[in-house]
Amino acid sequence: MILNNKNFLFGMTVALFLSSGCGQDPEKQVASTLKPPLQQEVRVAPPAPQPQRVKVTENTRETYQWYCTQCHGIEGKGNGINAKLLTVPPRNHTKADYLETRTDEQLFEAIKFGGLSVGRAPCMPAWEHTLDESTIHSLVQYIRELCQCEAL
Amino acid sequence: MTQKTLALFCLSGFLFFCPLPIEAGVLEDKNCGSCHRLSIEDTENTFTGPDLHYAGNKFQPEWLKRFLNQPRVIRPAGFITDPGVLQEKPLPPHPSFPEDAANTLADSLMGLKISGETLEPVTPEPLSKGQRAKIKYQFERTFGCISCHQSLNLAGKVRGGVSGPSLVNAGNRLQANWMANWLKAPQIYLSKGRMPRYKMGSATQNQFARFLMSLKKENIK
């Protein structure tokens, strides 16, 4: 009986502990669901670009010369007319050591959605409303041609 | 009707229709057309100076007058349709004109307008403190405008790239409506620019124009 009583008391303590825990937790849960979501949580992830091997054409080179050279330079060496004036220097597209650490998809996203979208500098704007996807894919291949490198 | 009245009538008619040729003539006399596109009929891909066929939509007349009298470099890299652009070649200096001639030229340039204004006119009121902070941030961080346009950075210092025209004095140089229209539909003015296109919505375009109107060289500390 004493043992039973002890068991009973133990059981009650556990039950009380659990019930008190349950009583507090739902409130906490409610509170946590009401908490405004973090900005990163609401950000809609851009659709994952499909890896594509679009051929580099004359149009690709012209597009690069027309837009990209302003910062990345006529030969893609990262020494365009704006280069020295930017807070973060533009990427040198003829150097493999960084570019081989990036996948084609990452390069595609950087061009399409801008530097910030891939955790790089905001100096690189988004070209999504200027260039179509196929041109951006071909620019990625052109960068691969310039750096003579592939993603590792 | 006497012959005299008839002659006067003809003359007034002639004068009434005359202003356009006279204006074009002033610009022609100074050979502006050798570097600048002055008419929509000129092909746009060879000019070494900024397109002026919509000068009346774009510039503030007082600024034009001052510029023609005391020219300043607005585009250190040259104009984007110039085949030599971005090659860091020294630009030929813009001719400067005596005040009278500068005023006449500016008046003629202000007569060069195109239709195609697509926005409600931009309200001239300055932005609220909060709106200004937002646009200032977007200018540098969201849209990266400062990479190509010299302007004021978030710390209020004159910084930025030079492949696009300087915006340091945009508030004295450009019309607010033109800036908002350029952001909305640049192809009205230039079939293919080198600036990325943005879909930022009319309200933001409007606020950008009002923000740029506040960039004046006399406001730089």
# chains A, B, ... in the order shown; residues from 1 in each chain; ligands from 1
>>> interface_residues(of="chain B", to="chain A", cutoff="8 Å", atoms="only C-alpha atoms", output="list in words")
Ala77, Leu86, Gln87, Glu88, Glu140, Arg141, Thr142, Phe143, Gly144, Cys145, Ile146, Ser147, Cys148, Arg159, Gly160, Gly161, Val162, Ser163, Arg194, Met195, Pro196, Arg197, Tyr198 and Lys199 of chain B
>>> write_last_selection(atoms="N, CA and C atoms", output="PDB file, in the first residue's frame")
ATOM      1  N   ALA B  77      32.261  58.288 -70.144  1.00  0.00           N
ATOM      2  CA  ALA B  77      32.603  57.149 -71.013  1.00  0.00           C
ATOM      3  C   ALA B  77      32.138  57.380 -72.442  1.00  0.00           C
ATOM      4  N   LEU B  86      33.204  53.337 -73.973  1.00  0.00           N
ATOM      5  CA  LEU B  86      33.792  52.415 -72.996  1.00  0.00           C
ATOM      6  C   LEU B  86      35.268  52.134 -73.235  1.00  0.00           C
ATOM      7  N   GLN B  87      35.846  52.760 -74.259  1.00  0.00           N
ATOM      8  CA  GLN B  87      37.253  52.448 -74.538  1.00  0.00           C
ATOM      9  C   GLN B  87      38.212  53.432 -73.868  1.00  0.00           C
ATOM     10  N   GLU B  88      37.661  54.239 -73.001  1.00  0.00           N
ATOM     11  CA  GLU B  88      38.440  55.197 -72.199  1.00  0.00           C
ATOM     12  C   GLU B  88      39.281  56.134 -73.058  1.00  0.00           C
ATOM     13  N   GLU B 140      20.696  52.087 -54.527  1.00  0.00           N
ATOM     14  CA  GLU B 140      22.035  51.508 -54.428  1.00  0.00           C
ATOM     15  C   GLU B 140      22.022  49.990 -54.330  1.00  0.00           C
ATOM     16  N   ARG B 141      21.093  49.453 -53.520  1.00  0.00           N
ATOM     17  CA  ARG B 141      21.178  48.027 -53.190  1.00  0.00           C
ATOM     18  C   ARG B 141      20.258  47.140 -54.026  1.00  0.00           C
ATOM     19  N   THR B 142      19.015  47.565 -54.245  1.00  0.00           N
ATOM     20  CA  THR B 142      18.080  46.684 -54.942  1.00  0.00           C
ATOM     21  C   THR B 142      18.328  46.698 -56.443  1.00  0.00           C
ATOM     22  N   PHE B 143      18.462  47.891 -57.006  1.00  0.00           N
ATOM     23  CA  PHE B 143      18.576  47.995 -58.463  1.00  0.00           C
ATOM     24  C   PHE B 143      20.011  48.247 -58.925  1.00  0.00           C
ATOM     25  N   GLY B 144      20.903  48.560 -58.000  1.00  0.00           N
ATOM     26  CA  GLY B 144      22.317  48.732 -58.357  1.00  0.00           C
ATOM     27  C   GLY B 144      22.578  49.891 -59.305  1.00  0.00           C
ATOM     28  N   CYS B 145      21.744  50.932 -59.273  1.00  0.00           N
ATOM     29  CA  CYS B 145      21.885  52.066 -60.211  1.00  0.00           C
ATOM     30  C   CYS B 145      23.270  52.717 -60.107  1.00  0.00           C
ATOM     31  N   ILE B 146      23.786  52.751 -58.878  1.00  0.00           N
ATOM     32  CA  ILE B 146      25.034  53.464 -58.610  1.00  0.00           C
ATOM     33  C   ILE B 146      26.236  52.816 -59.316  1.00  0.00           C
ATOM     34  N   SER B 147      26.075  51.559 -59.745  1.00  0.00           N
ATOM     35  CA  SER B 147      27.185  50.887 -60.435  1.00  0.00           C
ATOM     36  C   SER B 147      27.551  51.595 -61.737  1.00  0.00           C
ATOM     37  N   CYS B 148      26.575  52.208 -62.379  1.00  0.00           N
ATOM     38  CA  CYS B 148      26.838  52.871 -63.663  1.00  0.00           C
ATOM     39  C   CYS B 148      26.612  54.384 -63.620  1.00  0.00           C
ATOM     40  N   ARG B 159      29.642  59.157 -55.419  1.00  0.00           N
ATOM     41  CA  ARG B 159      30.292  57.901 -55.793  1.00  0.00           C
ATOM     42  C   ARG B 159      29.563  57.311 -57.005  1.00  0.00           C
ATOM     43  N   GLY B 160      30.159  56.282 -57.575  1.00  0.00           N
ATOM     44  CA  GLY B 160      29.448  55.527 -58.594  1.00  0.00           C
ATOM     45  C   GLY B 160      30.172  55.431 -59.910  1.00  0.00           C
ATOM     46  N   GLY B 161      29.631  54.580 -60.784  1.00  0.00           N
ATOM     47  CA  GLY B 161      30.220  54.315 -62.090  1.00  0.00           C
ATOM     48  C   GLY B 161      30.024  55.471 -63.055  1.00  0.00           C
ATOM     49  N   VAL B 162      30.636  55.322 -64.214  1.00  0.00           N
ATOM     50  CA  VAL B 162      30.596  56.422 -65.180  1.00  0.00           C
ATOM     51  C   VAL B 162      30.113  55.977 -66.566  1.00  0.00           C
ATOM     52  N   SER B 163      29.681  54.717 -66.705  1.00  0.00           N
ATOM     53  CA  SER B 163      29.236  54.307 -68.037  1.00  0.00           C
ATOM     54  C   SER B 163      27.864  54.898 -68.361  1.00  0.00           C
ATOM     55  N   ARG B 194      21.822  50.544 -72.820  1.00  0.00           N
ATOM     56  CA  ARG B 194      22.705  49.591 -72.134  1.00  0.00           C
ATOM     57  C   ARG B 194      22.303  49.418 -70.676  1.00  0.00           C
ATOM     58  N   MET B 195      21.225  50.069 -70.305  1.00  0.00           N
ATOM     59  CA  MET B 195      20.778  49.989 -68.917  1.00  0.00           C
ATOM     60  C   MET B 195      19.795  48.826 -68.781  1.00  0.00           C
ATOM     61  N   PRO B 196      19.896  48.056 -67.679  1.00  0.00           N
ATOM     62  CA  PRO B 196      18.901  46.993 -67.497  1.00  0.00           C
ATOM     63  C   PRO B 196      17.502  47.582 -67.373  1.00  0.00           C
ATOM     64  N   ARG B 197      16.519  46.797 -67.797  1.00  0.00           N
ATOM     65  CA  ARG B 197      15.139  47.256 -67.631  1.00  0.00           C
ATOM     66  C   ARG B 197      14.615  46.728 -66.306  1.00  0.00           C
ATOM     67  N   TYR B 198      13.782  47.548 -65.688  1.00  0.00           N
ATOM     68  CA  TYR B 198      13.243  47.163 -64.388  1.00  0.00           C
ATOM     69  C   TYR B 198      11.729  47.230 -64.431  1.00  0.00           C
ATOM     70  N   LYS B 199      11.111  46.277 -63.756  1.00  0.00           N
ATOM     71  CA  LYS B 199       9.658  46.369 -63.617  1.00  0.00           C
ATOM     72  C   LYS B 199       9.390  46.737 -62.177  1.00  0.00           C
TER      73      LYS B 199
END
>>> select_by_dssp(residues="segment 8-207 of chain B", states="alpha helix (DSSP H)", output="PyMOL selection string")
chain B and resi 8-17+19-29+55-58+61-69+99-110+129-137+170-173+176-184+202-207
>>> write_last_selection(atoms="C-alpha atoms", output="compact mmCIF listing (two decimals), in the first residue's frame")
# COMPACT_ATOMS: atom_id res chain seq x y z
CA LEU B 8 0.05 90.89 -94.73
CA PHE B 9 -2.26 87.90 -94.39
CA CYS B 10 0.13 85.71 -96.37
CA LEU B 11 3.08 86.96 -94.37
CA SER B 12 1.38 86.24 -91.04
CA GLY B 13 0.53 82.77 -92.30
CA PHE B 14 4.12 82.29 -93.33
CA LEU B 15 5.41 83.46 -89.94
CA PHE B 16 2.94 81.24 -88.16
CA PHE B 17 4.25 78.14 -89.88
CA PRO B 19 9.10 78.61 -86.21
CA LEU B 20 9.94 74.96 -86.77
CA PRO B 21 12.25 75.44 -89.76
CA ILE B 22 13.88 78.40 -88.02
CA GLU B 23 14.56 76.30 -84.89
CA ALA B 24 15.90 73.43 -86.89
CA GLY B 25 18.00 75.97 -88.76
CA VAL B 26 19.70 77.25 -85.59
CA LEU B 27 20.71 73.73 -84.64
CA GLU B 28 21.80 73.04 -88.19
CA ASP B 29 23.90 76.21 -88.31
CA ALA B 55 15.34 67.19 -75.72
CA GLY B 56 12.15 69.14 -74.96
CA ASN B 57 10.75 66.18 -73.01
CA LYS B 58 13.96 65.52 -71.14
CA PRO B 61 15.62 74.77 -70.15
CA GLU B 62 17.68 76.68 -67.59
CA TRP B 63 20.14 73.82 -67.33
CA LEU B 64 20.43 73.58 -71.13
CA LYS B 65 21.23 77.28 -71.35
CA ARG B 66 23.94 77.00 -68.71
CA PHE B 67 25.35 73.84 -70.24
CA LEU B 68 25.63 75.33 -73.73
CA ASN B 69 27.41 78.33 -72.26
CA GLU B 99 25.02 83.45 -73.68
CA ASP B 100 22.75 84.75 -76.46
CA ALA B 101 23.48 81.89 -78.80
CA ALA B 102 23.19 79.40 -75.94
CA ASN B 103 19.73 80.74 -75.09
CA THR B 104 18.54 80.53 -78.70
CA LEU B 105 19.90 76.99 -79.04
CA ALA B 106 18.29 75.93 -75.77
CA ASP B 107 14.94 77.35 -76.93
CA SER B 108 15.22 75.41 -80.17
CA LEU B 109 16.13 72.23 -78.34
CA MET B 110 13.17 72.62 -76.01
CA LYS B 129 11.71 61.04 -44.97
CA GLY B 130 10.72 57.38 -44.97
CA GLN B 131 10.06 57.20 -48.71
CA ARG B 132 13.38 58.89 -49.36
CA ALA B 133 15.24 56.39 -47.17
CA LYS B 134 13.54 53.53 -49.02
CA ILE B 135 14.32 54.82 -52.52
CA LYS B 136 17.87 55.75 -51.56
CA TYR B 137 18.39 52.17 -50.42
CA ALA B 170 19.86 65.28 -62.10
CA GLY B 171 17.42 67.50 -60.21
CA ASN B 172 18.64 70.56 -62.09
CA ARG B 173 19.12 68.82 -65.43
CA ALA B 176 10.71 64.46 -63.42
CA ASN B 177 8.18 63.15 -65.94
CA TRP B 178 10.91 62.16 -68.33
CA MET B 179 12.76 60.17 -65.66
CA ALA B 180 9.62 58.28 -64.66
CA ASN B 181 8.85 57.59 -68.33
CA TRP B 182 12.39 56.44 -69.00
CA LEU B 183 12.13 53.94 -66.16
CA LYS B 184 8.79 52.73 -67.42
CA SER B 202 4.35 53.15 -61.47
CA ALA B 203 4.37 54.21 -57.81
CA THR B 204 8.06 53.34 -57.41
CA GLN B 205 8.95 54.90 -60.77
CA ASN B 206 7.24 58.04 -59.62
CA GLN B 207 9.14 58.00 -56.32
>>> atom_distance(atom1="atom CA of Phe211 of chain B", atom2="atom CA of Tyr189 of chain B")
21.4 Å
>>> select_by_dssp(residues="segment 67-219 of chain B", states="strand (DSSP E or B)", output="MDAnalysis selection string")
chainID B and resid 151:152 158:159 174
>>> write_last_selection(atoms="C-alpha atoms", output="PDB file, in the first residue's frame")
ATOM      1  CA  SER B 151      25.309  59.889 -57.684  1.00  0.00           C
ATOM      2  CA  LEU B 152      25.204  60.029 -53.904  1.00  0.00           C
ATOM      3  CA  VAL B 158      29.517  61.402 -54.515  1.00  0.00           C
ATOM      4  CA  ARG B 159      30.292  57.901 -55.793  1.00  0.00           C
ATOM      5  CA  LEU B 174      16.182  66.494 -66.056  1.00  0.00           C
TER       6      LEU B 174
END
>>> residues_around(residues="Arg144 of chain A", least_positions_apart="3", cutoff="9 Å", atoms="only C-alpha atoms", output="MDAnalysis selection string")
chainID A and resid 93:94 96 99:100 104 139:141 147:151
>>> write_last_selection(atoms="C-alpha atoms", output="PDB file, in the first residue's frame")
ATOM      1  CA  HIS A  93      35.718  36.273 -66.181  1.00  0.00           C
ATOM      2  CA  THR A  94      39.064  35.068 -67.479  1.00  0.00           C
ATOM      3  CA  ALA A  96      39.158  30.096 -63.339  1.00  0.00           C
ATOM      4  CA  LEU A  99      34.458  30.609 -61.438  1.00  0.00           C
ATOM      5  CA  GLU A 100      35.170  26.885 -61.225  1.00  0.00           C
ATOM      6  CA  ASP A 104      26.252  27.028 -64.184  1.00  0.00           C
ATOM      7  CA  LEU A 139      26.171  34.039 -71.506  1.00  0.00           C
ATOM      8  CA  VAL A 140      26.932  31.441 -68.817  1.00  0.00           C
ATOM      9  CA  GLN A 141      28.559  29.282 -71.497  1.00  0.00           C
ATOM     10  CA  CYS A 147      37.588  31.284 -67.959  1.00  0.00           C
ATOM     11  CA  GLN A 148      38.274  28.037 -69.817  1.00  0.00           C
ATOM     12  CA  CYS A 149      36.839  26.279 -66.835  1.00  0.00           C
ATOM     13  CA  GLU A 150      33.938  24.103 -65.767  1.00  0.00           C
ATOM     14  CA  ALA A 151      32.208  23.808 -62.403  1.00  0.00           C
TER      15      ALA A 151
END
>>> residues_around(residues="Ser191 of chain B", least_positions_apart="5", cutoff="10 Å", atoms="only C-alpha atoms", output="list in words")
Glu44, Asn45 and Pro186 of chain B
>>> write_last_selection(atoms="C-alpha atoms", output="PDB file, in the first residue's frame")
ATOM      1  CA  GLU B  44      20.055  56.120 -84.033  1.00  0.00           C
ATOM      2  CA  ASN B  45      23.067  53.837 -84.042  1.00  0.00           C
ATOM      3  CA  PRO B 186      12.865  53.434 -72.254  1.00  0.00           C
TER       4      PRO B 186
END
